[in-house]
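For reference, query.txt is printed below; it contains compact mmCIF, C-alpha atoms.
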# COMPACT_ATOMS: atom_id res chain seq x y z
CA HIS A 1 24.68 -2.25 -17.41
CA SER A 2 22.46 0.78 -16.70
CA GLU A 3 19.86 -1.52 -15.16
CA LEU A 4 22.51 -2.91 -12.78
CA ALA A 5 23.52 0.59 -11.74
CA GLU A 6 19.88 1.41 -10.94
CA VAL A 7 19.56 -1.72 -8.83
CA HIS A 8 22.74 -0.88 -6.90
CA HIS A 9 21.37 2.58 -6.21
CA VAL A 10 18.33 1.30 -4.30
CA LEU A 11 20.21 -1.36 -2.34
CA SER A 12 22.08 -0.78 0.89
CA HIS A 13 25.87 -1.14 1.03
CA TRP A 14 25.50 -4.45 2.89
CA ASP A 15 23.10 -5.81 0.25
CA ASN A 16 25.49 -4.83 -2.54
CA MET A 17 28.37 -6.54 -0.77
CA TYR A 18 26.31 -9.68 -0.23
CA LEU A 19 25.20 -9.67 -3.86
CA SER A 20 28.81 -9.46 -4.97
CA GLU A 21 30.01 -12.26 -2.68
CA GLU A 22 27.23 -14.59 -3.76
CA GLY A 23 27.87 -13.78 -7.41
CA LYS A 24 31.50 -14.89 -7.15
CA LEU A 25 30.23 -18.44 -6.69
CA VAL A 26 28.39 -18.19 -10.01
CA ASN A 27 30.77 -16.13 -12.15
CA PRO A 28 33.93 -14.63 -10.60
CA ASP A 29 34.43 -12.38 -13.65
CA ASP A 30 31.06 -10.68 -13.27
CA ALA A 31 30.07 -11.40 -9.68
CA THR A 32 27.35 -8.80 -9.18
CA GLY A 33 25.78 -9.31 -12.60
CA ALA A 34 25.70 -13.08 -12.14
CA ALA A 35 23.99 -12.81 -8.74
CA LEU A 36 21.46 -10.34 -10.08
CA GLY A 37 20.71 -12.68 -12.98
CA ALA A 38 20.11 -15.54 -10.57
CA VAL A 39 17.73 -13.41 -8.50
CA LEU A 40 15.81 -12.28 -11.57
CA ALA A 41 15.46 -15.87 -12.73
CA ASP A 42 13.71 -16.70 -9.44
CA VAL A 43 11.17 -13.87 -9.55
CA ALA A 44 10.60 -13.21 -13.25
CA ASN A 45 10.46 -14.74 -16.72
CA ARG A 46 12.80 -13.50 -19.40
CA LYS A 47 11.12 -12.36 -22.61
CA VAL A 48 13.56 -12.60 -25.50
CA SER A 49 13.45 -9.59 -27.78
CA ARG A 50 12.63 -10.09 -31.44
CA GLY A 51 14.46 -6.96 -32.52
CA LYS A 52 18.22 -6.91 -32.98
CA MET A 53 18.77 -3.66 -31.06
CA GLU A 54 16.01 -4.12 -28.49
CA PRO A 55 17.06 -5.57 -25.13
CA ASP A 56 15.34 -8.55 -23.53
CA LYS A 57 12.60 -7.81 -21.04
CA TRP A 58 11.68 -9.40 -17.72
CA GLU A 59 8.11 -10.13 -16.69
CA LEU A 60 7.57 -10.39 -12.95
CA ASN A 61 5.93 -13.60 -11.75
CA ARG A 62 2.38 -13.17 -10.46
CA GLU A 63 3.26 -14.43 -6.96
CA ALA A 64 6.16 -11.96 -6.71
CA TRP A 65 3.70 -9.05 -6.76
CA GLU A 66 2.72 -9.94 -3.18
CA SER A 67 6.04 -8.46 -2.02
CA TYR A 68 5.62 -5.18 -3.91
CA ASP A 69 5.35 -2.16 -1.62
CA PRO A 70 3.55 0.79 -3.28
CA SER A 71 5.19 3.19 -0.80
CA PHE A 72 8.81 2.09 -1.31
CA TYR A 73 10.58 5.45 -1.12
CA HIS A 74 13.50 4.62 -3.44
CA ILE A 75 11.08 4.31 -6.37
CA ASN A 76 9.68 7.55 -7.75
CA LEU A 77 5.97 8.24 -8.27
CA ARG A 78 6.17 7.73 -12.02
CA ASN A 79 7.63 4.23 -11.65
CA HIS A 80 5.04 3.37 -8.99
CA GLN A 81 2.37 4.45 -11.47
CA THR A 82 3.93 2.22 -14.13
CA ALA A 83 3.95 -0.67 -11.66
CA ALA A 84 0.28 -0.12 -10.83
CA GLU A 85 -0.60 -0.24 -14.52
CA SER A 86 1.57 -3.33 -15.13
CA ARG A 87 0.21 -5.32 -12.21
CA PRO A 88 -1.55 -8.39 -13.68
CA PRO A 89 -5.33 -8.52 -13.13
CA LEU A 90 -7.15 -11.52 -11.76
CA PRO A 91 -7.84 -14.21 -14.36
CA GLY A 92 -11.25 -13.65 -15.92
CA ASP A 93 -12.36 -17.26 -15.45
CA ASP A 94 -11.15 -17.48 -11.85
CA LYS A 95 -12.09 -14.06 -10.52
CA PHE A 96 -14.32 -15.31 -7.71
CA ARG A 97 -12.16 -18.25 -6.64
CA VAL A 98 -8.87 -16.44 -6.14
CA LYS A 99 -7.79 -16.01 -2.54
CA PRO A 100 -7.85 -12.29 -1.62
CA LYS A 101 -4.43 -10.68 -1.28
CA SER A 102 -3.34 -7.61 0.67
CA PHE A 103 -2.66 -4.49 -1.35
CA CYS A 104 0.81 -4.22 0.18
CA PRO A 105 3.04 -6.32 2.46
CA PRO A 106 3.07 -5.79 6.25
CA LEU A 107 5.32 -3.04 7.53
CA PRO A 108 8.64 -4.11 9.07
CA SER A 109 9.13 -4.16 12.84
CA ALA A 110 9.91 -0.79 14.38
CA HIS A 111 10.49 0.88 17.74
CA ARG A 112 7.35 1.48 19.80
CA ALA A 113 7.72 5.23 19.29
CA PHE A 114 7.47 4.74 15.54
CA CYS A 115 4.78 2.05 15.66
CA ARG A 116 2.44 4.45 17.43
CA LEU A 117 2.68 6.82 14.46
CA ARG A 118 1.08 4.14 12.30
CA ARG A 119 -2.02 4.16 14.47
CA ASP A 120 -2.02 7.94 14.79
CA VAL A 121 -1.99 8.44 11.03
CA THR A 122 -4.52 5.74 10.16
CA CYS A 123 -7.16 6.89 12.64
CA ASP A 124 -6.83 10.61 11.94
CA SER A 125 -10.35 11.83 11.21
CA THR A 126 -9.33 14.01 8.28
CA ILE A 127 -7.36 11.23 6.57
CA LEU A 128 -10.20 8.75 7.07
CA ALA A 129 -12.72 11.24 5.71
CA ILE A 130 -10.60 11.72 2.59
CA THR A 131 -10.16 7.98 2.02
CA TYR A 132 -13.92 7.48 2.56
CA ARG A 133 -14.76 10.13 -0.03
CA THR A 134 -12.19 8.73 -2.46
CA LEU A 135 -13.64 5.22 -2.20
CA HIS A 136 -17.20 6.51 -2.43
CA MET A 137 -16.47 8.56 -5.53
CA HIS A 138 -14.82 5.63 -7.33
CA ILE A 139 -16.93 2.62 -6.39
CA ARG A 140 -20.42 4.04 -5.76
CA ASP A 141 -23.25 2.93 -8.02
CA SER A 142 -23.47 5.84 -10.44
CA ARG A 143 -26.79 4.50 -11.75
CA LYS A 144 -28.46 5.67 -8.55
CA LYS A 145 -29.46 9.28 -9.02
CA LYS A 146 -28.41 10.77 -5.70
CA ASP A 147 -27.77 14.46 -5.22
CA THR A 148 -24.10 15.08 -4.45
CA SER A 149 -24.18 18.87 -4.52
CA GLU A 150 -24.41 19.10 -0.74
CA LEU A 151 -21.45 16.79 -0.15
CA ARG A 152 -18.06 18.12 0.81
CA GLY A 153 -15.79 17.97 -2.19
CA ALA A 154 -18.78 17.81 -4.50
CA MET A 155 -16.59 18.92 -7.42
CA ALA A 156 -14.94 15.48 -7.39
CA TYR A 157 -18.22 13.95 -8.55
CA GLU A 158 -18.56 16.25 -11.54
CA GLY A 159 -17.65 14.92 -14.96
CA GLY A 160 -17.03 11.40 -13.77
CA ASP A 161 -13.30 12.03 -13.38
CA LYS A 162 -11.59 9.16 -11.60
CA SER A 163 -7.98 8.41 -10.76
CA GLU A 164 -6.52 4.95 -10.34
CA THR A 165 -3.60 6.52 -8.47
CA ALA A 166 -5.88 8.26 -5.95
CA LEU A 167 -7.91 5.09 -5.44
CA ALA A 168 -4.72 3.05 -4.97
CA ARG A 169 -3.45 5.53 -2.36
CA ALA A 170 -6.73 5.28 -0.44
CA VAL A 171 -6.66 1.48 -0.45
CA HIS A 172 -2.98 1.57 0.51
CA LEU A 173 -3.67 3.76 3.56
CA LEU A 174 -6.54 1.55 4.67
CA THR A 175 -4.36 -1.56 4.29
CA LEU A 176 -1.68 0.02 6.47
CA GLY A 177 -4.38 0.85 8.99
CA ALA A 178 -5.56 -2.75 9.01
CA TYR A 179 -2.03 -3.88 9.80
CA ALA A 180 -1.64 -1.24 12.52
CA TRP A 181 -4.92 -2.09 14.28
CA GLN A 182 -5.19 -5.83 13.71
CA ASP A 183 -3.83 -6.65 17.19
CA ALA A 184 -5.74 -3.93 19.04
CA SER A 185 -7.52 -5.29 22.11
CA ALA A 186 -10.20 -3.81 24.33
CA ASP A 187 -8.13 -4.92 27.35
CA GLU A 188 -5.25 -2.50 26.65
CA LYS A 189 -5.29 -0.04 29.56
CA ASP A 190 -2.57 2.30 28.28
CA TRP A 191 -3.66 2.12 24.64
CA ARG A 192 -2.99 5.82 24.00
CA LYS A 193 0.75 5.17 24.42
CA ASP A 194 0.57 2.92 21.36
CA GLY A 195 -1.10 5.64 19.31
CA GLY A 196 -4.60 6.37 18.13
CA GLY A 197 -5.73 8.71 20.88
CA SER A 198 -4.16 12.02 19.86
CA ILE A 199 -5.98 15.22 18.92
CA GLY A 200 -7.75 14.71 15.61
CA SER A 201 -8.21 10.98 16.12
CA VAL A 202 -11.65 9.41 15.76
CA PHE A 203 -11.00 7.94 19.22
CA PHE A 204 -9.83 11.18 20.88
CA ASP A 205 -13.05 11.70 22.88
CA ARG A 206 -12.97 8.20 24.36
CA THR A 207 -12.78 8.42 28.17
CA ASP A 208 -9.90 6.81 30.05
CA ASP A 209 -12.21 4.42 31.90
CA ALA A 210 -13.74 3.12 28.65
CA ALA A 211 -12.45 0.03 26.89
CA ALA A 212 -9.65 0.51 24.38
CA PRO A 213 -10.65 0.75 20.70
CA THR A 214 -10.51 -2.54 18.81
CA ALA A 215 -9.82 -3.50 15.22
CA LYS A 216 -13.57 -3.85 14.68
CA GLU A 217 -14.16 -0.28 15.84
CA TRP A 218 -11.38 0.99 13.57
CA VAL A 219 -12.97 -0.73 10.57
CA SER A 220 -16.32 0.80 11.49
CA ALA A 221 -14.80 4.27 11.74
CA ALA A 222 -12.76 3.93 8.55
CA LEU A 223 -15.31 2.34 6.23
CA LEU A 224 -18.78 2.74 7.70
CA ALA A 225 -18.92 6.08 9.49
CA ASN A 226 -20.15 9.20 7.73
CA PRO A 227 -17.31 11.73 7.24
CA ARG A 228 -19.41 14.38 8.96
CA VAL A 229 -19.54 12.17 12.05
CA GLN A 230 -15.84 11.37 11.78
CA GLN A 231 -14.89 15.04 11.81
CA ALA A 232 -17.67 16.08 14.21
CA SER A 233 -18.70 18.86 11.85
CA GLU A 234 -21.41 19.84 9.42

Let me see whether you can do it: turn the structure in this file into structure tokens.
Amino acid sequence: HSELAEVHHVLSHWDNMYLSEEGKLVNPDDATGAALGAVLADVANRKVSRGKMEPDKWELNREAWESYDPSFYHINLRNHQTAAESRPPLPGDDKFRVKPKSFCPPLPSAHRAFCRLRRDVTCDSTILAITYRTLHMHIRDSRKKKDTSELRGAMAYEGGDKSETALARAVHLLTLGAYAWQDASADEKDWRKDGGGSIGSVFFDRTDDAAAPTAKEWVSAALLANPRVQQASE
């Protein structure tokens, strides 16, 4: 029952109570275990072990991965890394016909004071410059002989060292930014109150009489702008 104990640890008290009450309808003698088994049966397939002493394993359904949050704070970095490596790839014969999916689910609703932090973080010039460099280092066409010695962080290009974890973190941040800015409108007069206009932001120098930044402008700043322009430095 060590797996059950780990599940209880990441659930809230209310969730544990609900799990227990629902489980009583399935098996009163093992209420929580019965409910957990029913949940697992909905989201995963059980792989029966061939060894006598080896426990059965569960394989998460492909569609269930859409609900996985790479930033869930009750899961440590090592387990997140394991999840990233276990995530099923797109089928080889259907790679270009699969509907694109978001890297992570949308963030839950929050107070306005907290929502503004999402825009502040995802339009910070330093963070965007780092994500830009991370993407460029990993997905650039290495066949093109372009001098990288003058680039900031040129050491990252040496030796061809790449990190799936670093790339995943960059994509994760950009996905969160897309969620934060998707409803941004040029008609918002007090847009700074919703975040994105603080010191360090790529929109900090925008005058008060100018139109509010839009989702299109955020995409341009995050993915198309040169980091030197983003940070207004050489």

Pairwise distance for atom CA of Thr207 of chain A and atom CA of Lys189 of chain A, rounded to one decimal in Å: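 So the two atoms, atom CA of Thr207 of chain A and atom CA of Lys189 of chain A, lie 11.4 Å apart.
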
Point-to-point distance from atom CA of Ile139 of chain A to atom CA of Asp183 of chain A, Å rounded to tenths: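 Distance between the two atoms: 28.5 Å.
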
Long-range neighbours of Val43 of chain A as a PyMOL selection string, 10 Å cut-off, all atoms listed in the file, 5 positions minimum in chain: chain A and resi 38+58-65

Contacts of Ser102 of chain A within 12 Å, all atoms listed in the file, excl. fewer than 6 positions in-chain, as a PyMOL selection string: chain A and resi 65-70+171-179

Between atom CA of Trp218 of chain A and atom CA of Thr122 of chain A, distance in Å (one decimal): 9.0 Å

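Among the candidates A:Ala110, A:Ala168, A:Ile199, A:Ala212, the residue lying nearest to Asp187 of chain A is A:Ala212 (atoms considered: only C-alpha atoms).
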
Pick out the residues sitting within 12 Å of Lys57 of chain A, and hand them over as a PDB file with C-alpha atoms, in the frame of the given file; count only C-alpha atoms, and ignore anything fewer than 5 positions along from it in its own chain.
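Saved the output as out-v2.pdb:
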ATOM      1  CA  GLU A   3      19.860  -1.520 -15.160  1.00  0.00           C
ATOM      2  CA  LEU A  40      15.810 -12.280 -11.570  1.00  0.00           C
ATOM      3  CA  ALA A  41      15.460 -15.870 -12.730  1.00  0.00           C
ATOM      4  CA  ALA A  44      10.600 -13.210 -13.250  1.00  0.00           C
ATOM      5  CA  ASN A  45      10.460 -14.740 -16.720  1.00  0.00           C
ATOM      6  CA  ARG A  46      12.800 -13.500 -19.400  1.00  0.00           C
ATOM      7  CA  LYS A  47      11.120 -12.360 -22.610  1.00  0.00           C
ATOM      8  CA  VAL A  48      13.560 -12.600 -25.500  1.00  0.00           C
ATOM      9  CA  SER A  49      13.450  -9.590 -27.780  1.00  0.00           C
ATOM     10  CA  ARG A  50      12.630 -10.090 -31.440  1.00  0.00           C
ATOM     11  CA  GLY A  51      14.460  -6.960 -32.520  1.00  0.00           C
TER      12      GLY A  51
END

Pick from A:Ala166, A:His74, A:Ser198, A:Thr82, whichever lies nearest to Asp120 of chain A using only C-alpha atoms: A:Ser198
